[in-house]
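The structure appears right after this line, and notes come after that.
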2 protein chains.
Amino acid sequence: MPVDNQRASVWSRPEKRRREHPALSREQIVAEAIRLLDEQGLDALSMRNLGTRLGAGATSLYTHVANKDELLELVVDEVYGEITVAPSEDPADWTGPARQLAVDLRATILRHPWLVAVLGHAGLQHLGPNLMSLVEDILTRFERAGFTLRAGNQAISMLSAYVVGITTTEAAWLTMLARGGHDEVELVQQFLLAGREAVRPYPRLRELHESYDQLAPADTREDSFTVGLDCLLDGMATRLKT
Amino acid sequence: MPVDNQRASVWSRPEKRRREHPALSREQIVAEAIRLLDEQGLDALSMRNLGTRLGAGATSLYTHVANKDELLELVVDEVYGEITVAPSEDPADWTGPARQLAVDLRATILRHPWLVAVLGHAGLQHLGPNLMSLVEDILTRFERAGFTLRAGNQAISMLSAYVVGITTTEAAWLTMLARGGHDEVELVQQFLLAGREAVRPYPRLRELHESYDQLAPADTREDSFTVGLDCLLDGMATRLKT
DNA sequence: TCGTCGCTCCGCACACTGTACGGCGACCGC
DNA sequence: GCGGTCGCCGTACAGTGTGCGGAGCGACGA
């Protein structure tokens, strides 16, 4: 299947809209796609499925969207739009925006666990308008706090890499949870039971495993994320900030 | 499609092998799958495709492997087996193994760019034997260097999260490169050209963009990774150690 | 007012996917 | 030699992304 690399990206090609009241629109399709993804996961997103949810045929979508891949590109950028970094009072403080970016990004991914799978296919290279204005915004903060543009860019890369990486596991967990319809605590118990056997030949893993026996899983995830984020910010402070 | 969550995991269920010289084996299937993935990417891995490459029918594979998902699980753990952390002379040095883990993991992912997409679907929760013994190994090093098990686990999480996150973008880039069969430098030029337009409304992004104009891309990626890793290790040293 | 054009939407078709099922042939222990 | 078992495969089914040609409709020039 040859890929036309020369075709202009989604963002530069304007949306066609001549008819007065077209039944479908790009916005509508993207919105419904996100709803479908949130409700039933990535596997449930098929063109036919999405089409019928919009009261349309599958191929009708192709008038507004070139590809399924392009649809996902639009969806991803739409989700990026959910992240905004609140204006801070102290312009010299870069820690606040950085932390907020990380926390918001994580929250967004956990709200849309299918995101990591999509990013895995396509990378973070999408460069939709929402992502770009977000990055521009944060670069501004970092610059104002004394970072060079390069350093600021590096900081953003590190932060988002860490968050995406950490969240990959969490999102997979949430997906499994949603699909089975189980309670989190119950599923954890089940996993601990299964893991106990697998972990037997490895003394350190076994001890670690046992130490996690009676813990609220959501809190553990939260704590682990925060500790890691603190580490990262510390390191950035000593290395990147002159 | 209902998923049988109760079925024992791949690792506990022993491989059936009664016949003297069976034409197919699990190892062989996994090995060929990896070869196919490396050559043609994730999309090209279909059961039929893999079957014919092994001189067998598609459904024959199901005697050795329950699922395509399970096959991927086996494949992922097989790839994890490529990572080994060399024994270090100084037992108090945790930085060496940590850095080596990160570098090796990145190299492995870049050697198998499809990995991140698979991880995106499934998370890092696979827990195959190769991964477990790797983690056990590194936990040992960390423990010997004064980490608690919890802290060591946290460190591993952070490191792999960072690497996976950073590498997601790189792997997507490499995949695109491989699919188009283009030269990296040439493709970079093309992207810079396309990006120049997109980046116009954002002053900081534009400046950043221009500053990347004449740089060897592979070196840039390498540097960026190393700087971020140094940051992370610094942070871990001040936060996690003691 | 009447073609005619362009755009949106749709039904059909094609190649391809994962995998359930039943059969076939060859090897094993007896 | 023989029955049972196991590895392999052909067929089949539901479902996928999407190319193509046609139908209906709004707008617009003659």
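Chain labels follow the order of the structure tokens: the first chain is A, the next B, and so on; residue numbering restarts at 1 in every chain, and ligands are counted from 1 in their shown order.
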Thr52 (chain A) surroundings by only C-alpha atoms (C1' of nucleotides), 12 Å radius, close-in-sequence under 6 positions cut, as a ChimeraX atom specification: /A:24,29,32-33,36,45-46,58-61
With chain B as the partner and 10 Å as the cut-off, tabulate the residues of chain D that qualify, each row holding the nearest pair of atoms and their distance in Å to one decimal, using only C-alpha atoms (C1' of nucleotides), sorted by chain and rising number, as a Markdown table.
```
| residue | atom | partner | partner_atom | distance |
| --- | --- | --- | --- | --- |
| D:DT5 | C1' | B:Arg18 | CA | 9.6 |
| D:DC6 | C1' | B:Arg19 | CA | 7.5 |
| D:DG7 | C1' | B:Pro22 | CA | 7.2 |
| D:DC8 | C1' | B:Ser60 | CA | 5.7 |
| D:DC9 | C1' | B:Gly57 | CA | 6.2 |
| D:DG10 | C1' | B:Gly57 | CA | 9.1 |
```
Output file for the selection above: N, CA and C atoms (P, O5', C5', C4', C3', O3' and C1' of nucleotides), as a compact mmCIF listing (two decimals), in the first residue's frame:
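Once written, again.txt looks like this:
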```txt
# COMPACT_ATOMS: atom_id res chain seq x y z
P DT D 5 -6.61 -40.45 22.75
O5' DT D 5 -5.42 -39.45 22.40
C5' DT D 5 -4.07 -39.91 22.52
C4' DT D 5 -3.17 -39.09 21.62
C3' DT D 5 -3.51 -37.60 21.59
O3' DT D 5 -2.34 -36.89 21.89
C1' DT D 5 -3.17 -38.43 19.40
P DC D 6 -2.42 -35.37 22.40
O5' DC D 6 -1.49 -34.66 21.32
C5' DC D 6 -0.34 -35.35 20.83
C4' DC D 6 0.02 -34.77 19.48
C3' DC D 6 -0.24 -33.26 19.37
O3' DC D 6 0.92 -32.65 18.85
C1' DC D 6 -1.22 -34.40 17.55
P DG D 7 1.10 -31.08 18.89
O5' DG D 7 1.49 -30.79 17.38
C5' DG D 7 2.53 -31.53 16.77
C4' DG D 7 2.44 -31.40 15.26
C3' DG D 7 2.34 -29.97 14.75
O3' DG D 7 3.17 -29.83 13.61
C1' DG D 7 0.46 -31.21 14.01
P DC D 8 3.34 -28.40 12.98
O5' DC D 8 2.26 -28.39 11.82
C5' DC D 8 2.47 -29.22 10.66
C4' DC D 8 1.23 -29.22 9.82
C3' DC D 8 0.84 -27.86 9.24
O3' DC D 8 1.12 -27.89 7.85
C1' DC D 8 -1.05 -29.12 10.00
P DC D 9 0.98 -26.58 7.01
O5' DC D 9 -0.51 -26.66 6.47
C5' DC D 9 -0.92 -27.80 5.74
C4' DC D 9 -2.40 -27.75 5.55
C3' DC D 9 -2.92 -26.44 4.96
O3' DC D 9 -3.59 -26.74 3.77
C1' DC D 9 -4.25 -27.16 6.78
P DG D 10 -3.77 -25.70 2.61
O5' DG D 10 -5.28 -25.98 2.16
C5' DG D 10 -5.93 -27.19 2.58
C4' DG D 10 -7.42 -27.08 2.37
C3' DG D 10 -7.89 -25.88 1.55
O3' DG D 10 -9.03 -26.24 0.79
C1' DG D 10 -8.63 -25.65 3.81
```
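Between chain C and the residues B:Val135, B:Ala237, B:Ala44, B:Val76, the shortest atom-to-atom distance, using only C-alpha atoms (C1' of nucleotides), involves B:Ala44.
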Interface, chain B side, toward chain A (8 Å; only C-alpha atoms) as a VMD selection string: chain B and resid 12 116 to 125 132 to 133 135 to 136 139 to 140 149 to 150 154 157 to 158 160 to 166 168 to 173 180 198 202 to 205 208 224 228 230 to 236 238 to 240
Kindly export the residues of the current selection with N, CA and C atoms, as a compact mmCIF listing (two decimals), in the first residue's frame.
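After the write, out.txt holds the following:
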```txt
# COMPACT_ATOMS: atom_id res chain seq x y z
N SER B 12 2.99 -19.41 32.03
CA SER B 12 2.78 -20.55 32.92
C SER B 12 2.39 -21.80 32.15
N VAL B 116 7.37 0.27 20.26
CA VAL B 116 6.60 1.27 20.99
C VAL B 116 5.11 1.18 20.67
N ALA B 117 4.80 0.87 19.43
CA ALA B 117 3.39 0.73 19.08
C ALA B 117 2.77 -0.44 19.83
N VAL B 118 3.50 -1.54 19.92
CA VAL B 118 2.99 -2.71 20.65
C VAL B 118 2.82 -2.37 22.12
N LEU B 119 3.82 -1.71 22.69
CA LEU B 119 3.73 -1.33 24.09
C LEU B 119 2.56 -0.38 24.32
N GLY B 120 2.31 0.48 23.37
CA GLY B 120 1.18 1.39 23.48
C GLY B 120 -0.13 0.64 23.62
N HIS B 121 -0.26 -0.46 22.90
CA HIS B 121 -1.47 -1.25 23.02
C HIS B 121 -1.55 -1.97 24.35
N ALA B 122 -0.43 -2.51 24.78
CA ALA B 122 -0.48 -3.48 25.87
C ALA B 122 0.11 -2.96 27.18
N GLY B 123 0.82 -1.86 27.14
CA GLY B 123 1.48 -1.42 28.35
C GLY B 123 2.74 -2.23 28.62
N LEU B 124 3.40 -1.87 29.72
CA LEU B 124 4.65 -2.56 30.02
C LEU B 124 4.41 -3.72 30.97
N GLN B 125 3.17 -4.11 31.12
CA GLN B 125 2.81 -5.06 32.17
C GLN B 125 3.08 -6.51 31.82
N MET B 132 11.53 -10.01 33.51
CA MET B 132 11.63 -10.19 34.95
C MET B 132 13.07 -10.39 35.39
N SER B 133 13.81 -11.19 34.65
CA SER B 133 15.18 -11.42 35.12
C SER B 133 16.01 -10.16 34.90
N VAL B 135 14.87 -7.08 35.24
CA VAL B 135 14.53 -6.20 36.36
C VAL B 135 15.16 -6.69 37.65
N GLU B 136 15.08 -7.98 37.86
CA GLU B 136 15.71 -8.56 39.06
C GLU B 136 17.19 -8.21 39.12
N LEU B 139 17.61 -4.50 39.88
CA LEU B 139 17.25 -4.26 41.28
C LEU B 139 18.39 -4.66 42.20
N THR B 140 19.03 -5.76 41.86
CA THR B 140 20.17 -6.21 42.66
C THR B 140 21.26 -5.15 42.70
N LEU B 149 14.38 -1.40 47.91
CA LEU B 149 13.74 -2.02 46.75
C LEU B 149 12.72 -1.08 46.12
N ARG B 150 11.96 -0.41 46.98
CA ARG B 150 10.97 0.53 46.47
C ARG B 150 11.63 1.61 45.62
N GLN B 154 11.21 2.37 41.70
CA GLN B 154 10.86 3.71 41.22
C GLN B 154 11.86 4.18 40.17
N SER B 157 11.26 2.45 36.91
CA SER B 157 10.07 3.00 36.27
C SER B 157 10.39 4.30 35.57
N MET B 158 11.08 5.18 36.29
CA MET B 158 11.37 6.49 35.72
C MET B 158 12.25 6.36 34.48
N SER B 160 12.75 3.79 32.45
CA SER B 160 12.13 3.20 31.27
C SER B 160 11.04 4.10 30.72
N ALA B 161 10.33 4.79 31.62
CA ALA B 161 9.32 5.73 31.14
C ALA B 161 9.96 6.80 30.26
N TYR B 162 11.05 7.36 30.76
CA TYR B 162 11.71 8.41 29.98
C TYR B 162 12.17 7.88 28.63
N VAL B 163 12.80 6.73 28.66
CA VAL B 163 13.33 6.19 27.41
C VAL B 163 12.19 5.87 26.44
N VAL B 164 11.17 5.20 26.93
CA VAL B 164 10.06 4.85 26.05
C VAL B 164 9.43 6.11 25.46
N GLY B 165 9.24 7.11 26.33
CA GLY B 165 8.62 8.35 25.87
C GLY B 165 9.45 9.03 24.80
N ILE B 166 10.72 9.23 25.09
CA ILE B 166 11.61 9.88 24.14
C ILE B 166 11.66 9.09 22.84
N THR B 168 9.55 7.09 21.56
CA THR B 168 8.33 7.02 20.78
C THR B 168 8.43 7.89 19.55
N THR B 169 8.84 9.12 19.76
CA THR B 169 8.98 10.04 18.63
C THR B 169 10.06 9.57 17.66
N GLU B 170 11.18 9.16 18.22
CA GLU B 170 12.26 8.71 17.36
C GLU B 170 11.86 7.51 16.53
N ALA B 171 11.18 6.58 17.16
CA ALA B 171 10.79 5.36 16.46
C ALA B 171 9.80 5.67 15.34
N ALA B 172 8.87 6.58 15.62
CA ALA B 172 7.92 6.96 14.59
C ALA B 172 8.66 7.57 13.41
N TRP B 173 9.63 8.37 13.72
CA TRP B 173 10.45 9.00 12.69
C TRP B 173 11.16 7.94 11.85
N GLY B 180 9.23 5.15 3.58
CA GLY B 180 9.42 5.92 2.36
C GLY B 180 10.72 5.57 1.65
N ALA B 198 3.99 26.10 8.59
CA ALA B 198 3.12 25.82 9.73
C ALA B 198 3.52 26.61 10.96
N TYR B 202 3.77 31.30 15.08
CA TYR B 202 4.25 31.14 16.45
C TYR B 202 5.71 31.60 16.51
N PRO B 203 5.95 32.78 17.04
CA PRO B 203 7.30 33.36 16.94
C PRO B 203 8.38 32.48 17.57
N ARG B 204 8.13 31.95 18.74
CA ARG B 204 9.16 31.17 19.40
C ARG B 204 9.43 29.85 18.67
N LEU B 205 8.34 29.22 18.24
CA LEU B 205 8.51 27.99 17.48
C LEU B 205 9.30 28.27 16.21
N LEU B 208 12.95 28.69 17.01
CA LEU B 208 13.50 27.37 17.33
C LEU B 208 13.71 26.57 16.06
N SER B 224 20.20 15.08 22.49
CA SER B 224 19.00 15.40 23.26
C SER B 224 18.70 14.29 24.26
N GLY B 228 18.92 14.72 28.45
CA GLY B 228 17.77 14.39 29.27
C GLY B 228 18.10 13.31 30.28
N ASP B 230 20.99 12.63 31.59
CA ASP B 230 21.82 13.20 32.65
C ASP B 230 20.96 13.94 33.68
N CYS B 231 20.04 14.73 33.19
CA CYS B 231 19.10 15.41 34.07
C CYS B 231 18.43 14.44 35.02
N LEU B 232 17.88 13.40 34.42
CA LEU B 232 17.12 12.43 35.19
C LEU B 232 18.00 11.79 36.25
N LEU B 233 19.21 11.42 35.88
CA LEU B 233 20.11 10.77 36.83
C LEU B 233 20.48 11.72 37.96
N ASP B 234 20.71 12.97 37.60
CA ASP B 234 20.98 13.98 38.62
C ASP B 234 19.84 14.04 39.63
N GLY B 235 18.63 14.15 39.09
CA GLY B 235 17.48 14.24 39.95
C GLY B 235 17.35 13.02 40.84
N MET B 236 17.59 11.86 40.26
CA MET B 236 17.49 10.64 41.04
C MET B 236 18.54 10.61 42.14
N THR B 238 19.78 13.15 43.80
CA THR B 238 19.45 14.01 44.92
C THR B 238 18.17 13.58 45.64
N ARG B 239 17.26 12.94 44.94
CA ARG B 239 15.97 12.63 45.55
C ARG B 239 15.89 11.21 46.11
N LEU B 240 16.34 10.27 45.28
CA LEU B 240 16.07 8.87 45.61
C LEU B 240 17.15 8.27 46.50
```
Can you check which residues of chain C have any atom within 10 Å of chain B? Use only C-alpha atoms (C1' of nucleotides) and format it as an mmCIF file with N, CA and C atoms (P, O5', C5', C4', C3', O3' and C1' of nucleotides), in the first residue's frame.
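result10.cif was written with the following content:
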```
data_model
loop_
_atom_site.group_PDB
_atom_site.id
_atom_site.type_symbol
_atom_site.label_atom_id
_atom_site.label_comp_id
_atom_site.auth_asym_id
_atom_site.auth_seq_id
_atom_site.Cartn_x
_atom_site.Cartn_y
_atom_site.Cartn_z
ATOM 1 P P DC C 16 -4.568 -8.572 -1.140
ATOM 2 O "O5'" DC C 16 -4.794 -8.666 0.432
ATOM 3 C "C5'" DC C 16 -4.762 -7.464 1.213
ATOM 4 C "C4'" DC C 16 -5.479 -7.693 2.506
ATOM 5 C "C3'" DC C 16 -5.070 -8.945 3.280
ATOM 6 O "O3'" DC C 16 -4.202 -8.600 4.338
ATOM 7 C "C1'" DC C 16 -7.393 -8.394 3.477
ATOM 8 P P DT C 17 -3.525 -9.791 5.247
ATOM 9 O "O5'" DT C 17 -4.422 -9.713 6.554
ATOM 10 C "C5'" DT C 17 -4.412 -8.525 7.346
ATOM 11 C "C4'" DT C 17 -5.517 -8.601 8.352
ATOM 12 C "C3'" DT C 17 -5.475 -9.807 9.244
ATOM 13 O "O3'" DT C 17 -4.604 -9.535 10.316
ATOM 14 C "C1'" DT C 17 -7.717 -9.338 8.524
ATOM 15 P P DG C 18 -3.994 -10.786 11.105
ATOM 16 O "O5'" DG C 18 -5.213 -11.225 12.050
ATOM 17 C "C5'" DG C 18 -5.629 -10.361 13.088
ATOM 18 C "C4'" DG C 18 -6.768 -10.998 13.863
ATOM 19 C "C3'" DG C 18 -6.410 -12.300 14.570
ATOM 20 O "O3'" DG C 18 -7.154 -12.385 15.777
ATOM 21 C "C1'" DG C 18 -8.064 -12.728 12.942
ATOM 22 P P DT C 19 -6.717 -13.522 16.827
ATOM 23 O "O5'" DT C 19 -7.653 -14.749 16.418
ATOM 24 C "C5'" DT C 19 -9.041 -14.666 16.683
ATOM 25 C "C4'" DT C 19 -9.778 -15.789 15.986
ATOM 26 C "C3'" DT C 19 -9.304 -17.211 16.349
ATOM 27 O "O3'" DT C 19 -10.436 -18.025 16.561
ATOM 28 C "C1'" DT C 19 -9.560 -16.999 14.075
ATOM 29 P P DC C 27 5.935 -39.683 9.636
ATOM 30 O "O5'" DC C 27 6.160 -40.070 11.171
ATOM 31 C "C5'" DC C 27 6.292 -39.031 12.125
ATOM 32 C "C4'" DC C 27 5.528 -39.411 13.381
ATOM 33 C "C3'" DC C 27 6.102 -40.596 14.161
ATOM 34 O "O3'" DC C 27 6.850 -40.085 15.258
ATOM 35 C "C1'" DC C 27 3.703 -40.579 14.100
ATOM 36 P P DC C 28 7.569 -41.075 16.252
ATOM 37 O "O5'" DC C 28 6.428 -41.420 17.307
ATOM 38 C "C5'" DC C 28 6.090 -40.479 18.319
ATOM 39 C "C4'" DC C 28 5.157 -41.128 19.314
ATOM 40 C "C3'" DC C 28 5.710 -42.425 19.919
ATOM 41 O "O3'" DC C 28 6.108 -42.179 21.265
ATOM 42 C "C1'" DC C 28 3.456 -42.741 19.071
#
```
Among listed residues D:DG26, D:DG3, D:DG15, D:DG21, nearest DA13 (chain C) (using only C-alpha atoms (C1' of nucleotides)): D:DG21
Residue contacts of DT4 (chain C) (10 Å, only C-alpha atoms (C1' of nucleotides)) excluding same-chain residues fewer than 2 positions away, as a ChimeraX atom specification: /C:2,6 /D:28-29
For the selection you just gave me, I'd like the residues written to a file as a compact mmCIF listing (two decimals), in the first residue's frame, keeping N, CA and C atoms (P, O5', C5', C4', C3', O3' and C1' of nucleotides).
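Once everything was written out, this is again28.txt:
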```txt
# COMPACT_ATOMS: atom_id res chain seq x y z
P DC C 2 -38.59 25.20 -17.13
O5' DC C 2 -37.21 24.76 -17.80
C5' DC C 2 -36.84 25.34 -19.05
C4' DC C 2 -35.35 25.12 -19.29
C3' DC C 2 -34.85 23.73 -18.88
O3' DC C 2 -33.99 23.25 -19.89
C1' DC C 2 -33.56 25.38 -17.82
P DG C 6 -17.46 21.56 -12.57
O5' DG C 6 -17.69 21.52 -11.00
C5' DG C 6 -18.07 22.71 -10.33
C4' DG C 6 -18.56 22.37 -8.94
C3' DG C 6 -17.70 21.35 -8.21
O3' DG C 6 -17.62 21.73 -6.85
C1' DG C 6 -19.91 20.57 -8.31
P DC D 28 -24.33 30.99 -6.18
O5' DC D 28 -23.64 30.95 -7.62
C5' DC D 28 -23.10 29.72 -8.11
C4' DC D 28 -23.19 29.69 -9.64
C3' DC D 28 -23.55 31.04 -10.27
O3' DC D 28 -22.78 31.20 -11.45
C1' DC D 28 -25.07 29.43 -10.99
P DG D 29 -22.58 32.70 -12.10
O5' DG D 29 -22.61 32.41 -13.67
C5' DG D 29 -21.71 31.46 -14.25
C4' DG D 29 -22.28 30.94 -15.56
C3' DG D 29 -22.63 32.03 -16.59
O3' DG D 29 -22.33 31.57 -17.90
C1' DG D 29 -24.59 30.82 -16.03
```
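The gap separating CA of Arg106 (chain A) from CA of Ile83 (chain A) is 10.0 Å, in Å to one decimal.
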All alpha helix (DSSP H) residues (DSSP, backbone) inside region 55-220 of chain A, as a ChimeraX atom specification: /A:68-80,95-111,114-122,129-144,149-180,184-198,203-211,217-220
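Restricting the calculation to only C-alpha atoms (C1' of nucleotides), the smallest distance between DG11 (chain C) and any of D:DG1, D:DT11, D:DC20, D:DA30 is found for D:DC20.
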